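> I have a structure I would like to understand better, so I am pasting it below and will then ask my questions one at a time.
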Amino acid sequence: MIELSRRIRESWERMAGGGISSMWRAVFVMSFMWKWYCSMAEQGIATFYTSPYVPTACYGNDPDQFPAGDLFAAASDTIWDNGAACGRQYRITCTDATNQGVLKPCKSGSIVVKIVDHCPARCAGTFDLSRQAFADIADPDAGKVYINYDQGALAPSIYTILIKINIV
């Protein structure tokens with residue numbers, strides 16, 4: 001393991017010292033790897049619930065727990081992680097209908113939601129979104145939609161990473 005670490009460091013030093021073309025090669029490779037990492041989304045189902053939204057399993061009756069735009073969700077057991085999901089943010093994109101009620105329920109774009117609650121055992125989805133969050137990605141008349149979701153895409157940008165490793 002030490003040998004591998006030494007070889008990686010030496011290779012990196014050669015690239016960094018090899019002029020501008022080597023640096024741009026490294027930036028290109030890292031940006032490609034970053035795009036690949038960010039595109040690894042999980043698949044699930046989103047439903048929605050309506051008020052009253054309090055008390056929540058994460059923050060009780062605290063009125064400041066809800067983010068701007070009411071983009072929040074309750075997490076199913078799939079991502080609840082014994083309460084560790086509280087406060088996590090997920091990017092959610094509607095991908096398709098789950099029933100015949102609304103043939104094309106999805107709207108373009110994605111939303112970012114904050115986990116503030118635990119979805120009860122009878123929960124029919126991976127995320128039980130606030131009504132507003134669901135309406136931002138799909139027609140509420142659908143009631144339930146297939147989604148892609150990820151948390152990794154909310155990590156720092158490639159530019160931030162390059163600054164931290166002193167390339168830029």
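Within each chain, counting starts at residue 1; across the structure tokens, chains are named A, B, ... in the order shown, with ligands numbered 1 upward in that order.
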Which residues are near Asp70 in chain A? Cut-off 12 Å, only C-alpha atoms, ignore same chain within fewer than 5 positions. Put them as a list in words.

Thr50, Ser51, Tyr53, Pro63, Asp64, Gln65, Ile111, Val112, Val113, Lys114, Ile115, Val116, Leu129, Ser130, Arg131, Gln132, Ala133, Phe134, Ala135 and Asp136 of chain A

> Contacts of range 83-100 of chain A at 7 Å or less, counting only C-alpha atoms, minus same-chain residues fewer than 5 places along, as a list in words?

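Once the adjacent positions are removed, what remains is Cys58, Pro105, Cys106, Gly109, Ser110, Ile111, Val112, Val113, Lys114, Ile115, Val116, Ile137, Ala138, Lys144, Val145, Tyr146, Ile147, Asn148, Tyr149, Asp150 and Gln151 of chain A.
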
> Kindly indicate which residue among A:Ala75, A:Cys119, A:Leu103, A:Ile45 lies nearest to Asp141 in chain A, using only C-alpha atoms for the distances.

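Checking each of A:Ala75, A:Cys119, A:Leu103, A:Ile45 against Asp141 in chain A, counting only C-alpha atoms, the winner is A:Leu103.
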
> Pick the closest to Gly143 in chain A from A:Asp117, A:Gly44, A:Gly101, A:Phe66: which is it, counting only C-alpha atoms?

A:Gly101

> What is the CA of Gly60 in chain A-CA of Pro140 in chain A distance in Å, reported with one decimal?

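Separation between CA of Gly60 in chain A and CA of Pro140 in chain A: 26.5 Å.
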
> What gap, in Å, lies between CA of Ala142 in chain A and CA of Ala73 in chain A?

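So the two atoms, CA of Ala142 in chain A and CA of Ala73 in chain A, lie 17.4 Å apart.
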
> Check the smallest atom-to-atom distance from each of A:Asp139, A:Asn61, A:Asp77, A:Asp128 to Val102 in chain A using only C-alpha atoms, then report the winner.

A:Asp139

> Counting only C-alpha atoms, figure out which residue out of A:Ser76, A:Gln43, A:Ser108, A:Thr56 gets nearest to Arg122 in chain A.

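So, comparing all the options, the nearest one is A:Ser76.
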
> How would you write, as an NGL selection string, the set of residues in range 42-141 of chain A that DSSP gives as strand (DSSP E)?

:A and (42-49 or 72-75 or 89-97 or 110-118 or 127-130)

> When DSSP works through the backbone of this structure, what residues of range 106-147 of chain A end up as helix (DSSP H, G or I), shown as a list of chain:residue names?

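Secondary structure check on range 106-147 of chain A, helix (DSSP H, G or I): A:Arg131, A:Gln132, A:Ala133, A:Phe134, A:Ala135, A:Asp136, A:Ile137, A:Pro140, A:Asp141, A:Ala142.
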
> Measuring between only C-alpha atoms, which one of A:Ile79, A:Ala74, A:Val54, A:Ala46 shows the shortest distance to His118 in chain A?

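For His118 in chain A, the nearest of the given residues is A:Ala74.
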